[in-house]
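Q: Below you'll find work05.pdb; it's PDB, C-alpha atoms and all ligand atoms.
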```pdb
ATOM      1  CA  MET A 623     110.893 -72.359  98.215  1.00  0.00           C
ATOM      2  CA  GLN A 624     114.638 -71.827  98.221  1.00  0.00           C
ATOM      3  CA  PHE A 625     116.794 -71.485  95.119  1.00  0.00           C
ATOM      4  CA  PHE A 626     119.910 -73.565  94.629  1.00  0.00           C
ATOM      5  CA  ILE A 627     122.026 -73.030  91.526  1.00  0.00           C
ATOM      6  CA  ASP A 628     122.642 -76.119  89.396  1.00  0.00           C
ATOM      7  CA  THR A 629     126.145 -75.585  88.049  1.00  0.00           C
ATOM      8  CA  ALA A 630     129.827 -76.157  88.730  1.00  0.00           C
ATOM      9  CA  ASP A 631     130.753 -72.819  87.122  1.00  0.00           C
ATOM     10  CA  LEU A 632     132.232 -70.550  89.807  1.00  0.00           C
ATOM     11  CA  GLN A 633     131.529 -67.363  87.861  1.00  0.00           C
ATOM     12  CA  GLU A 634     127.862 -68.284  87.561  1.00  0.00           C
ATOM     13  CA  ILE A 635     127.737 -69.182  91.255  1.00  0.00           C
ATOM     14  CA  ARG A 636     129.392 -65.892  92.277  1.00  0.00           C
ATOM     15  CA  GLU A 637     127.106 -63.834  90.043  1.00  0.00           C
ATOM     16  CA  ALA A 638     123.886 -65.523  91.219  1.00  0.00           C
ATOM     17  CA  ALA A 639     125.056 -65.379  94.848  1.00  0.00           C
ATOM     18  CA  SER A 640     125.463 -61.597  94.459  1.00  0.00           C
ATOM     19  CA  TRP A 641     121.716 -61.383  93.758  1.00  0.00           C
ATOM     20  CA  GLY A 642     121.073 -62.714  97.270  1.00  0.00           C
ATOM     21  CA  VAL A 643     118.854 -65.575  96.186  1.00  0.00           C
ATOM     22  CA  VAL A 644     121.188 -68.568  96.168  1.00  0.00           C
ATOM     23  CA  ALA A 645     120.832 -70.813  99.226  1.00  0.00           C
ATOM     24  CA  GLY A 646     122.948 -73.688  97.904  1.00  0.00           C
ATOM     25  CA  VAL A 647     124.619 -75.335  94.916  1.00  0.00           C
ATOM     26  CA  THR A 648     124.213 -78.676  93.182  1.00  0.00           C
ATOM     27  CA  THR A 649     126.931 -80.140  91.008  1.00  0.00           C
ATOM     28  CA  ASN A 650     127.204 -83.465  89.238  1.00  0.00           C
ATOM     29  CA  PRO A 651     129.908 -85.184  87.152  1.00  0.00           C
ATOM     30  CA  SER A 652     128.395 -83.870  83.886  1.00  0.00           C
ATOM     31  CA  LEU A 653     128.328 -80.283  85.153  1.00  0.00           C
ATOM     32  CA  TYR A 654     131.994 -80.539  86.225  1.00  0.00           C
ATOM     33  CA  ALA A 655     132.939 -82.012  82.833  1.00  0.00           C
ATOM     34  CA  LYS A 656     130.996 -79.192  81.116  1.00  0.00           C
ATOM     35  CA  ILE A 657     133.265 -76.516  82.626  1.00  0.00           C
ATOM     36  CA  GLY A 658     136.352 -78.480  81.528  1.00  0.00           C
ATOM     37  CA  GLY A 659     137.158 -79.502  85.105  1.00  0.00           C
ATOM     38  CA  LYS A 660     140.200 -81.715  85.682  1.00  0.00           C
ATOM     39  CA  LEU A 661     140.162 -84.706  88.016  1.00  0.00           C
ATOM     40  CA  ALA A 662     143.144 -83.366  89.960  1.00  0.00           C
ATOM     41  CA  ASP A 663     141.370 -80.036  90.604  1.00  0.00           C
ATOM     42  CA  PHE A 664     138.006 -81.480  91.616  1.00  0.00           C
ATOM     43  CA  GLU A 665     138.411 -81.323  95.382  1.00  0.00           C
ATOM     44  CA  ASP A 666     139.843 -77.790  95.353  1.00  0.00           C
ATOM     45  CA  HIS A 667     137.004 -76.753  93.084  1.00  0.00           C
ATOM     46  CA  ILE A 668     134.402 -78.101  95.505  1.00  0.00           C
ATOM     47  CA  LYS A 669     136.182 -76.310  98.362  1.00  0.00           C
ATOM     48  CA  ARG A 670     136.090 -73.032  96.411  1.00  0.00           C
ATOM     49  CA  ILE A 671     132.348 -73.420  95.775  1.00  0.00           C
ATOM     50  CA  CYS A 672     131.830 -74.166  99.470  1.00  0.00           C
ATOM     51  CA  GLU A 673     133.646 -70.938 100.374  1.00  0.00           C
ATOM     52  CA  THR A 674     131.485 -68.969  97.926  1.00  0.00           C
ATOM     53  CA  VAL A 675     128.089 -69.949  99.365  1.00  0.00           C
ATOM     54  CA  ASP A 676     127.052 -70.603 102.947  1.00  0.00           C
ATOM     55  CA  GLY A 677     124.437 -73.236 102.120  1.00  0.00           C
ATOM     56  CA  PRO A 678     124.726 -76.886 101.115  1.00  0.00           C
ATOM     57  CA  VAL A 679     126.933 -77.753  98.137  1.00  0.00           C
ATOM     58  CA  SER A 680     126.164 -81.125  96.588  1.00  0.00           C
ATOM     59  CA  ALA A 681     129.197 -83.109  95.421  1.00  0.00           C
ATOM     60  CA  GLU A 682     128.471 -86.471  93.834  1.00  0.00           C
ATOM     61  CA  VAL A 683     130.051 -89.865  94.438  1.00  0.00           C
ATOM     62  CA  THR A 684     131.099 -91.727  91.288  1.00  0.00           C
ATOM     63  CA  ALA A 685     131.746 -95.250  92.606  1.00  0.00           C
ATOM     64  CA  ASP A 686     129.329 -98.130  91.953  1.00  0.00           C
ATOM     65  CA  ASP A 687     129.566-100.273  95.053  1.00  0.00           C
ATOM     66  CA  ARG A 688     128.531 -99.215  98.517  1.00  0.00           C
ATOM     67  CA  ALA A 689     131.896 -99.544 100.257  1.00  0.00           C
ATOM     68  CA  GLU A 690     133.605 -97.279  97.723  1.00  0.00           C
ATOM     69  CA  MET A 691     130.644 -94.905  97.669  1.00  0.00           C
ATOM     70  CA  ILE A 692     130.759 -94.593 101.451  1.00  0.00           C
ATOM     71  CA  ALA A 693     134.511 -93.967 101.419  1.00  0.00           C
ATOM     72  CA  GLN A 694     134.106 -91.337  98.669  1.00  0.00           C
ATOM     73  CA  GLY A 695     131.193 -89.762 100.517  1.00  0.00           C
ATOM     74  CA  GLU A 696     133.138 -89.529 103.782  1.00  0.00           C
ATOM     75  CA  HIS A 697     136.046 -87.968 101.903  1.00  0.00           C
ATOM     76  CA  LEU A 698     133.826 -85.426 100.118  1.00  0.00           C
ATOM     77  CA  ALA A 699     132.096 -84.539 103.391  1.00  0.00           C
ATOM     78  CA  GLY A 700     135.516 -83.808 104.882  1.00  0.00           C
ATOM     79  CA  LEU A 701     136.265 -81.142 102.266  1.00  0.00           C
ATOM     80  CA  ALA A 702     134.015 -78.529 103.888  1.00  0.00           C
ATOM     81  CA  ASP A 703     131.288 -78.270 106.525  1.00  0.00           C
ATOM     82  CA  ASN A 704     128.641 -77.447 103.932  1.00  0.00           C
ATOM     83  CA  VAL A 705     129.172 -80.401 101.577  1.00  0.00           C
ATOM     84  CA  ALA A 706     126.100 -82.547 100.972  1.00  0.00           C
ATOM     85  CA  VAL A 707     127.087 -85.869  99.451  1.00  0.00           C
ATOM     86  CA  LYS A 708     125.109 -86.625  96.321  1.00  0.00           C
ATOM     87  CA  VAL A 709     124.268 -90.283  95.910  1.00  0.00           C
ATOM     88  CA  PRO A 710     122.261 -92.002  93.148  1.00  0.00           C
ATOM     89  CA  THR A 711     118.935 -93.604  94.083  1.00  0.00           C
ATOM     90  CA  THR A 712     119.967 -97.238  93.658  1.00  0.00           C
ATOM     91  CA  ILE A 713     120.210-100.136  96.105  1.00  0.00           C
ATOM     92  CA  GLU A 714     123.919 -99.428  96.594  1.00  0.00           C
ATOM     93  CA  GLY A 715     123.075 -95.749  96.907  1.00  0.00           C
ATOM     94  CA  LEU A 716     120.479 -96.402  99.609  1.00  0.00           C
ATOM     95  CA  ALA A 717     122.981 -98.421 101.620  1.00  0.00           C
ATOM     96  CA  CYS A 718     125.534 -95.625 101.200  1.00  0.00           C
ATOM     97  CA  CYS A 719     122.966 -93.000 102.212  1.00  0.00           C
ATOM     98  CA  HIS A 720     122.050 -94.988 105.305  1.00  0.00           C
ATOM     99  CA  ALA A 721     125.700 -95.360 106.368  1.00  0.00           C
ATOM    100  CA  LEU A 722     126.562 -91.701 105.754  1.00  0.00           C
ATOM    101  CA  ALA A 723     123.384 -90.450 107.465  1.00  0.00           C
ATOM    102  CA  GLU A 724     124.264 -92.566 110.536  1.00  0.00           C
ATOM    103  CA  GLU A 725     127.551 -90.616 110.645  1.00  0.00           C
ATOM    104  CA  GLY A 726     125.640 -87.340 110.540  1.00  0.00           C
ATOM    105  CA  ILE A 727     126.611 -86.569 106.926  1.00  0.00           C
ATOM    106  CA  ALA A 728     124.019 -84.760 104.798  1.00  0.00           C
ATOM    107  CA  VAL A 729     123.041 -86.804 101.736  1.00  0.00           C
ATOM    108  CA  ASN A 730     121.252 -85.631  98.588  1.00  0.00           C
ATOM    109  CA  MET A 731     119.646 -88.624  96.864  1.00  0.00           C
ATOM    110  CA  THR A 732     119.780 -87.852  93.161  1.00  0.00           C
ATOM    111  CA  LEU A 733     118.329 -89.351  89.976  1.00  0.00           C
ATOM    112  CA  CYS A 734     115.039 -89.910  91.822  1.00  0.00           C
ATOM    113  CA  PHE A 735     112.037 -90.437  89.558  1.00  0.00           C
ATOM    114  CA  THR A 736     109.289 -92.152  91.556  1.00  0.00           C
ATOM    115  CA  VAL A 737     107.408 -91.953  94.847  1.00  0.00           C
ATOM    116  CA  PRO A 738     108.733 -95.322  96.108  1.00  0.00           C
ATOM    117  CA  GLN A 739     112.300 -94.224  95.348  1.00  0.00           C
ATOM    118  CA  ALA A 740     111.701 -90.989  97.274  1.00  0.00           C
ATOM    119  CA  ILE A 741     110.119 -92.683 100.298  1.00  0.00           C
ATOM    120  CA  MET A 742     112.968 -95.204 100.444  1.00  0.00           C
ATOM    121  CA  ALA A 743     115.543 -92.401 100.178  1.00  0.00           C
ATOM    122  CA  ALA A 744     113.792 -90.633 103.055  1.00  0.00           C
ATOM    123  CA  ARG A 745     113.742 -93.796 105.158  1.00  0.00           C
ATOM    124  CA  ALA A 746     117.443 -94.319 104.465  1.00  0.00           C
ATOM    125  CA  GLY A 747     118.098 -90.943 106.066  1.00  0.00           C
ATOM    126  CA  ALA A 748     118.498 -88.560 103.122  1.00  0.00           C
ATOM    127  CA  SER A 749     118.567 -84.870 104.005  1.00  0.00           C
ATOM    128  CA  PHE A 750     117.631 -83.980 100.423  1.00  0.00           C
ATOM    129  CA  ILE A 751     115.784 -85.858  97.689  1.00  0.00           C
ATOM    130  CA  SER A 752     116.068 -84.706  94.085  1.00  0.00           C
ATOM    131  CA  PRO A 753     113.231 -85.713  91.754  1.00  0.00           C
ATOM    132  CA  PHE A 754     114.252 -84.890  88.170  1.00  0.00           C
ATOM    133  CA  ILE A 755     111.637 -83.002  86.154  1.00  0.00           C
ATOM    134  CA  GLY A 756     113.237 -82.434  82.746  1.00  0.00           C
ATOM    135  CA  ARG A 757     114.609 -85.924  82.235  1.00  0.00           C
ATOM    136  CA  PHE A 758     111.162 -87.350  82.967  1.00  0.00           C
ATOM    137  CA  ASP A 759     109.704 -84.999  80.372  1.00  0.00           C
ATOM    138  CA  ASP A 760     112.428 -86.145  77.956  1.00  0.00           C
ATOM    139  CA  ILE A 761     111.009 -89.686  77.897  1.00  0.00           C
ATOM    140  CA  GLY A 762     107.481 -88.446  77.201  1.00  0.00           C
ATOM    141  CA  GLU A 763     106.323 -88.537  80.840  1.00  0.00           C
ATOM    142  CA  ASP A 764     105.081 -85.640  82.974  1.00  0.00           C
ATOM    143  CA  GLY A 765     107.986 -84.573  85.181  1.00  0.00           C
ATOM    144  CA  LEU A 766     105.977 -81.959  87.074  1.00  0.00           C
ATOM    145  CA  ALA A 767     103.224 -84.453  87.891  1.00  0.00           C
ATOM    146  CA  GLN A 768     105.848 -86.836  89.212  1.00  0.00           C
ATOM    147  CA  LEU A 769     107.434 -84.104  91.325  1.00  0.00           C
ATOM    148  CA  SER A 770     104.003 -83.226  92.711  1.00  0.00           C
ATOM    149  CA  GLU A 771     103.401 -86.846  93.721  1.00  0.00           C
ATOM    150  CA  VAL A 772     106.748 -86.970  95.512  1.00  0.00           C
ATOM    151  CA  VAL A 773     106.035 -83.693  97.355  1.00  0.00           C
ATOM    152  CA  ASP A 774     102.610 -84.993  98.459  1.00  0.00           C
ATOM    153  CA  ALA A 775     103.895 -88.424  99.457  1.00  0.00           C
ATOM    154  CA  ILE A 776     106.717 -87.035 101.583  1.00  0.00           C
ATOM    155  CA  ALA A 777     104.314 -84.522 103.192  1.00  0.00           C
ATOM    156  CA  ASN A 778     102.118 -87.477 104.240  1.00  0.00           C
ATOM    157  CA  TYR A 779     104.827 -88.593 106.656  1.00  0.00           C
ATOM    158  CA  TRP A 780     106.939 -85.557 107.462  1.00  0.00           C
ATOM    159  CA  PRO A 781     106.944 -83.246 109.375  1.00  0.00           C
ATOM    160  CA  ASN A 782     104.144 -85.080 111.224  1.00  0.00           C
ATOM    161  CA  GLU A 783     106.571 -87.614 112.572  1.00  0.00           C
ATOM    162  CA  ASP A 784     109.126 -86.859 115.267  1.00  0.00           C
ATOM    163  CA  GLU A 785     112.140 -87.194 113.015  1.00  0.00           C
ATOM    164  CA  GLU A 786     113.234 -84.349 110.755  1.00  0.00           C
ATOM    165  CA  GLY A 787     112.091 -84.995 107.220  1.00  0.00           C
ATOM    166  CA  PRO A 788     113.995 -84.669 103.982  1.00  0.00           C
ATOM    167  CA  GLN A 789     113.848 -81.553 101.826  1.00  0.00           C
ATOM    168  CA  ILE A 790     112.609 -82.007  98.289  1.00  0.00           C
ATOM    169  CA  ILE A 791     114.794 -80.441  95.605  1.00  0.00           C
ATOM    170  CA  ALA A 792     113.065 -79.965  92.255  1.00  0.00           C
ATOM    171  CA  ALA A 793     115.929 -80.921  89.915  1.00  0.00           C
ATOM    172  CA  SER A 794     116.513 -81.140  86.183  1.00  0.00           C
ATOM    173  CA  VAL A 795     114.753 -77.786  85.877  1.00  0.00           C
ATOM    174  CA  ARG A 796     114.643 -76.548  82.288  1.00  0.00           C
ATOM    175  CA  SER A 797     112.156 -73.657  82.289  1.00  0.00           C
ATOM    176  CA  VAL A 798     110.585 -70.836  84.257  1.00  0.00           C
ATOM    177  CA  ASN A 799     107.353 -72.834  84.309  1.00  0.00           C
ATOM    178  CA  HIS A 800     109.172 -75.692  86.049  1.00  0.00           C
ATOM    179  CA  VAL A 801     110.193 -73.189  88.755  1.00  0.00           C
ATOM    180  CA  THR A 802     106.675 -71.736  89.021  1.00  0.00           C
ATOM    181  CA  GLN A 803     105.013 -75.117  89.330  1.00  0.00           C
ATOM    182  CA  ALA A 804     107.611 -76.436  91.782  1.00  0.00           C
ATOM    183  CA  ALA A 805     106.923 -73.437  94.043  1.00  0.00           C
ATOM    184  CA  LEU A 806     103.152 -73.823  93.757  1.00  0.00           C
ATOM    185  CA  MET A 807     103.252 -77.494  94.671  1.00  0.00           C
ATOM    186  CA  GLY A 808     105.428 -76.816  97.718  1.00  0.00           C
ATOM    187  CA  ALA A 809     108.845 -78.163  96.746  1.00  0.00           C
ATOM    188  CA  ASP A 810     111.302 -77.027  99.430  1.00  0.00           C
ATOM    189  CA  ILE A 811     114.021 -76.105  96.935  1.00  0.00           C
ATOM    190  CA  ALA A 812     114.460 -75.744  93.177  1.00  0.00           C
ATOM    191  CA  THR A 813     117.958 -76.220  91.810  1.00  0.00           C
ATOM    192  CA  VAL A 814     118.069 -74.069  88.728  1.00  0.00           C
ATOM    193  CA  PRO A 815     120.642 -73.599  85.929  1.00  0.00           C
ATOM    194  CA  PHE A 816     122.064 -70.061  85.666  1.00  0.00           C
ATOM    195  CA  LYS A 817     120.291 -69.368  82.364  1.00  0.00           C
ATOM    196  CA  VAL A 818     116.904 -70.283  83.818  1.00  0.00           C
ATOM    197  CA  LEU A 819     117.634 -68.219  86.960  1.00  0.00           C
ATOM    198  CA  GLN A 820     118.185 -65.216  84.666  1.00  0.00           C
ATOM    199  CA  GLN A 821     114.950 -66.006  82.789  1.00  0.00           C
ATOM    200  CA  CYS A 822     113.100 -66.149  86.129  1.00  0.00           C
ATOM    201  CA  VAL A 823     113.878 -62.470  86.754  1.00  0.00           C
ATOM    202  CA  LYS A 824     113.065 -61.280  83.254  1.00  0.00           C
ATOM    203  CA  HIS A 825     109.601 -60.237  82.111  1.00  0.00           C
ATOM    204  CA  PRO A 826     108.752 -58.175  78.994  1.00  0.00           C
ATOM    205  CA  LEU A 827     106.309 -56.013  80.962  1.00  0.00           C
ATOM    206  CA  THR A 828     109.060 -55.228  83.481  1.00  0.00           C
ATOM    207  CA  ASP A 829     111.341 -54.138  80.619  1.00  0.00           C
ATOM    208  CA  GLN A 830     108.573 -52.157  78.873  1.00  0.00           C
ATOM    209  CA  GLY A 831     107.573 -50.505  82.164  1.00  0.00           C
ATOM    210  CA  LEU A 832     111.161 -49.525  82.851  1.00  0.00           C
ATOM    211  CA  GLU A 833     111.523 -48.039  79.372  1.00  0.00           C
ATOM    212  CA  LYS A 834     108.382 -45.954  79.896  1.00  0.00           C
ATOM    213  CA  PHE A 835     109.576 -44.747  83.313  1.00  0.00           C
ATOM    214  CA  LYS A 836     112.867 -43.681  81.703  1.00  0.00           C
ATOM    215  CA  ARG A 837     111.107 -41.886  78.821  1.00  0.00           C
ATOM    216  CA  ASP A 838     108.722 -40.094  81.185  1.00  0.00           C
ATOM    217  CA  TRP A 839     111.487 -39.185  83.621  1.00  0.00           C
ATOM    218  CA  ALA A 840     113.411 -37.564  80.756  1.00  0.00           C
ATOM    219  CA  THR A 841     110.480 -35.099  80.332  1.00  0.00           C
ATOM    220  CA  VAL A 842     110.619 -34.008  83.989  1.00  0.00           C
ATOM    221  CA  ARG A 843     112.228 -30.592  84.401  1.00  0.00           C
TER     222      ARG A 843
HETATM  223  C1  LIG B 901     120.682 -81.672  90.081  1.00  0.00           C
HETATM  224  O1  LIG B 901     120.986 -82.059  91.174  1.00  0.00           O
HETATM  225  C2  LIG B 901     120.871 -82.455  88.862  1.00  0.00           C
HETATM  226  O2  LIG B 901     122.162 -82.918  88.776  1.00  0.00           O
HETATM  227  C3  LIG B 901     120.503 -81.643  87.648  1.00  0.00           C
HETATM  228  O3  LIG B 901     119.386 -80.857  87.956  1.00  0.00           O
HETATM  229  C4  LIG B 901     120.298 -82.455  86.399  1.00  0.00           C
HETATM  230  O4  LIG B 901     119.765 -81.644  85.394  1.00  0.00           O
HETATM  231  P1  LIG B 901     119.698 -82.095  83.865  1.00  0.00           P
HETATM  232  O5  LIG B 901     118.713 -83.215  83.763  1.00  0.00           O
HETATM  233  O6  LIG B 901     119.237 -80.889  83.125  1.00  0.00           O
HETATM  234  O7  LIG B 901     121.062 -82.552  83.492  1.00  0.00           O
END
```
Written as structure tokens, that's how I'd like the structure from this file.

A:
Amino acid sequence: MQFFIDTADLQEIREAASWGVVAGVTTNPSLYAKIGGKLADFEDHIKRICETVDGPVSAEVTADDRAEMIAQGEHLAGLADNVAVKVPTTIEGLACCHALAEEGIAVNMTLCFTVPQAIMAARAGASFISPFIGRFDDIGEDGLAQLSEVVDAIANYWPNEDEEGPQIIAASVRSVNHVTQAALMGADIATVPFKVLQQCVKHPLTDQGLEKFKRDWATVR
């Protein structure tokens, strides 16, 4: 499983990239608003992120109808070679995904919650499909179980078919356990907030072990 970082914060992206584990970035309108991003700076900001990491950087369309979504998607894709256009899993979004995929543009279908949504996104030509774990949990459902069903359903058809299949991004990740379970069930990618990425590295036994090594080393003469 690859790690993407789920943030629009350049400092967080730079720091996590320095650890050598970040294969891509996902942003969304809420994440850009969270860092106090301005509309006028949005495109430059996406370009800067794209220069910071080699892998795919998801930038989301905000229009509602397919013609505007397609135009926005084409524009976003023109900002850098590694932009993946993020599109919501709706009927308009499917049509947009299909049109952009026909042009060879990578699309990340977001806000995906069910197996039928994921299969339709794949058929429409998505390069990435993002089932949301945490938001499913938020409504009293089992987000990990839903992710697992999507992973299994997509694996039923790809890579056994000739065409290249979509990559599943475990999204709306809120905990280390979400990351663990996503890896165990075979998600291709987990997009993880910076705080959870930090938590993924930390373990009390690692810290205790390090303390003991330091104490013991201090006795060596
Ligand atoms: C990723 O592509 C999504 O935008 C993100 O994971 C959503 O996470 P949230 O549900 O914690 O906002």

Q: Give me the residues near range 694-698 of chain A as a list in words, where near means some atom within 10 Å (using only C-alpha atoms) and where sequence neighbours in that chain fewer than 4 positions away do not count.

A: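 What passes the distance filter is Glu665, Ile668, Lys669, Ser680, Ala681, Glu682, Val683, Thr684, Ala685, Arg688, Ala689, Glu690, Ala702, Asp703, Val705, Ala706, Val707, Lys708, Val709, Cys718, Cys719, Ala721, Leu722, Glu725, Ile727, Ala728 and Val729 of chain A.
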
Q: Which residues are near range 807-816 of chain A? Cut-off 6 Å, only C-alpha atoms, ignore same chain within fewer than 2 positions. Put them as a ChimeraX atom specification.

A: /A:623-628,789-793,795,804-805,818-819

Q: Please enclose the listed atoms of ligand LIG 901 (chain B) in an axis-aligned box, pad each side by 4 Å, and write out the centre and the three edge lengths in Å, rounded to one decimal, as JSON.

A:
```
{"center_x": 120.4, "center_y": -82.0, "center_z": 87.1, "size_x": 11.4, "size_y": 10.4, "size_z": 16.0}
```

Q: Looking at A:Val647, A:Val842, A:Ile741, A:Ala717, which one is nearest to ligand LIG 901 (chain B), with distances taken over only C-alpha atoms and all ligand atoms?

A: A:Val647

Q: Pick out the closest residue to Ala743 in chain A from this set: A:Val773, A:Val798, A:Val643, A:Met731. Count all atoms listed in the file.

A: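 When distances to Ala743 in chain A are compared using all atoms listed in the file, the smallest one comes from A:Met731.
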
Q: State, in Å with one decimal place, the distance from CA of Gln820 in chain A to CA of Gly677 in chain A.

A: 20.2 Å

Q: List as a list in words the protein and nucleic acid residues near Leu733 in chain A, meaning an atom at most 9 Å away when all atoms listed in the file are counted, but skip any in the same chain fewer than 6 places from it.

A: Val709, Pro710, Thr711, Thr712, Ile751, Ser752, Pro753, Phe754 and Ala793 of chain A

Q: Measuring atom to atom with all atoms listed in the file, identify which of A:Lys817, A:His720, A:His667, A:Arg636 is nearest to ligand LIG 901 (chain B).

A: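 Ranked by minimum distance to ligand LIG 901 (chain B), first place goes to A:Lys817.
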
Q: One decimal, in Å: what's the spacing between CA of Asp774 in chain A and CA of Ile755 in chain A?

A: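 Going from CA of Asp774 in chain A over to CA of Ile755 in chain A covers 15.4 Å.
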
Q: Provide the CA of Lys834 in chain A to CA of Gly642 in chain A distance in Å, to one decimal place.

A: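 Computing it gives 27.3 Å between the two atoms.
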
Q: Extract, using only C-alpha atoms, all DNA, RNA and protein residues at most 12 Å from Thr674 in chain A, discarding same-chain residues fewer than 4 positions from it, and format them as a PDB file with C-alpha atoms, keeping the file's coordinate frame.

A:
```pdb
ATOM      1  CA  ALA A 630     129.827 -76.157  88.730  1.00  0.00           C
ATOM      2  CA  ASP A 631     130.753 -72.819  87.122  1.00  0.00           C
ATOM      3  CA  LEU A 632     132.232 -70.550  89.807  1.00  0.00           C
ATOM      4  CA  GLN A 633     131.529 -67.363  87.861  1.00  0.00           C
ATOM      5  CA  GLU A 634     127.862 -68.284  87.561  1.00  0.00           C
ATOM      6  CA  ILE A 635     127.737 -69.182  91.255  1.00  0.00           C
ATOM      7  CA  ARG A 636     129.392 -65.892  92.277  1.00  0.00           C
ATOM      8  CA  GLU A 637     127.106 -63.834  90.043  1.00  0.00           C
ATOM      9  CA  ALA A 638     123.886 -65.523  91.219  1.00  0.00           C
ATOM     10  CA  ALA A 639     125.056 -65.379  94.848  1.00  0.00           C
ATOM     11  CA  SER A 640     125.463 -61.597  94.459  1.00  0.00           C
ATOM     12  CA  VAL A 644     121.188 -68.568  96.168  1.00  0.00           C
ATOM     13  CA  ALA A 645     120.832 -70.813  99.226  1.00  0.00           C
ATOM     14  CA  GLY A 646     122.948 -73.688  97.904  1.00  0.00           C
ATOM     15  CA  VAL A 647     124.619 -75.335  94.916  1.00  0.00           C
ATOM     16  CA  HIS A 667     137.004 -76.753  93.084  1.00  0.00           C
ATOM     17  CA  ILE A 668     134.402 -78.101  95.505  1.00  0.00           C
ATOM     18  CA  LYS A 669     136.182 -76.310  98.362  1.00  0.00           C
ATOM     19  CA  ARG A 670     136.090 -73.032  96.411  1.00  0.00           C
ATOM     20  CA  PRO A 678     124.726 -76.886 101.115  1.00  0.00           C
ATOM     21  CA  VAL A 679     126.933 -77.753  98.137  1.00  0.00           C
ATOM     22  CA  ALA A 702     134.015 -78.529 103.888  1.00  0.00           C
ATOM     23  CA  ASN A 704     128.641 -77.447 103.932  1.00  0.00           C
TER      24      ASN A 704
END
```

Q: Given only C-alpha atoms and all ligand atoms as the basis, pick out the residue of A:Ala777, A:Arg796, A:Asp666, A:Thr736 nearest to ligand LIG 901 (chain B).

A: A:Arg796

Q: When you look at Pro788 in chain A with a cut-off of 7 Å (counting all atoms listed in the file), what residues show up, excluding the ones that are within fewer than 6 positions of it in the same chain? I need them as a PDB file with C-alpha atoms, in the coordinates of the input.

A:
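part.pdb, written as the output of this step:
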```pdb
ATOM      1  CA  ALA A 744     113.792 -90.633 103.055  1.00  0.00           C
ATOM      2  CA  ALA A 748     118.498 -88.560 103.122  1.00  0.00           C
ATOM      3  CA  SER A 749     118.567 -84.870 104.005  1.00  0.00           C
ATOM      4  CA  PHE A 750     117.631 -83.980 100.423  1.00  0.00           C
ATOM      5  CA  ILE A 751     115.784 -85.858  97.689  1.00  0.00           C
TER       6      ILE A 751
END
```

Q: Output the residue selection produced by the PyMOL selection byres (((chain A and resi 766) around 8) and not hetatm) on the file above, formatted as a PyMOL selection string.

A: chain A and resi 755+764-765+767-770+800+803-804

Q: Find, counting all atoms listed in the file, the residue in A:Ile713, A:Met691, A:Val801, A:Leu806 that gets nearest to ligand LIG 901 (chain B).

A: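 Distance minimum relative to ligand LIG 901 (chain B) lands on A:Val801.
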
Q: Starting from the incomplete input, reconstruct N, CA, C and O atoms of range 802-810 of chain A and write that as a PDB file, in the frame of the given file.

A:
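Wrote result.pdb, looks like this:
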```pdb
ATOM      1  N   THR A 802     107.989 -72.185  88.534  1.00  0.00           N
ATOM      2  CA  THR A 802     106.675 -71.736  89.021  1.00  0.00           C
ATOM      3  C   THR A 802     105.901 -72.897  89.625  1.00  0.00           C
ATOM      4  O   THR A 802     105.391 -72.810  90.757  1.00  0.00           O
ATOM      5  N   GLN A 803     105.826 -73.982  88.876  1.00  0.00           N
ATOM      6  CA  GLN A 803     105.013 -75.117  89.330  1.00  0.00           C
ATOM      7  C   GLN A 803     105.627 -75.789  90.559  1.00  0.00           C
ATOM      8  O   GLN A 803     104.902 -76.237  91.452  1.00  0.00           O
ATOM      9  N   ALA A 804     106.953 -75.843  90.603  1.00  0.00           N
ATOM     10  CA  ALA A 804     107.611 -76.436  91.782  1.00  0.00           C
ATOM     11  C   ALA A 804     107.271 -75.624  93.033  1.00  0.00           C
ATOM     12  O   ALA A 804     106.995 -76.187  94.101  1.00  0.00           O
ATOM     13  N   ALA A 805     107.258 -74.296  92.895  1.00  0.00           N
ATOM     14  CA  ALA A 805     106.923 -73.437  94.043  1.00  0.00           C
ATOM     15  C   ALA A 805     105.466 -73.628  94.445  1.00  0.00           C
ATOM     16  O   ALA A 805     105.138 -73.717  95.634  1.00  0.00           O
ATOM     17  N   LEU A 806     104.587 -73.693  93.449  1.00  0.00           N
ATOM     18  CA  LEU A 806     103.152 -73.823  93.757  1.00  0.00           C
ATOM     19  C   LEU A 806     102.838 -75.155  94.432  1.00  0.00           C
ATOM     20  O   LEU A 806     101.929 -75.235  95.271  1.00  0.00           O
ATOM     21  N   MET A 807     103.576 -76.182  94.073  1.00  0.00           N
ATOM     22  CA  MET A 807     103.252 -77.494  94.671  1.00  0.00           C
ATOM     23  C   MET A 807     103.972 -77.708  96.001  1.00  0.00           C
ATOM     24  O   MET A 807     103.749 -78.707  96.663  1.00  0.00           O
ATOM     25  N   GLY A 808     104.823 -76.741  96.385  1.00  0.00           N
ATOM     26  CA  GLY A 808     105.428 -76.816  97.718  1.00  0.00           C
ATOM     27  C   GLY A 808     106.752 -77.540  97.791  1.00  0.00           C
ATOM     28  O   GLY A 808     107.128 -78.017  98.865  1.00  0.00           O
ATOM     29  N   ALA A 809     107.481 -77.618  96.669  1.00  0.00           N
ATOM     30  CA  ALA A 809     108.845 -78.163  96.746  1.00  0.00           C
ATOM     31  C   ALA A 809     109.664 -77.253  97.670  1.00  0.00           C
ATOM     32  O   ALA A 809     109.486 -76.034  97.658  1.00  0.00           O
ATOM     33  N   ASP A 810     110.526 -77.845  98.480  1.00  0.00           N
ATOM     34  CA  ASP A 810     111.302 -77.027  99.430  1.00  0.00           C
ATOM     35  C   ASP A 810     112.331 -76.166  98.712  1.00  0.00           C
ATOM     36  O   ASP A 810     112.627 -75.047  99.130  1.00  0.00           O
TER      37      ASP A 810
END
```
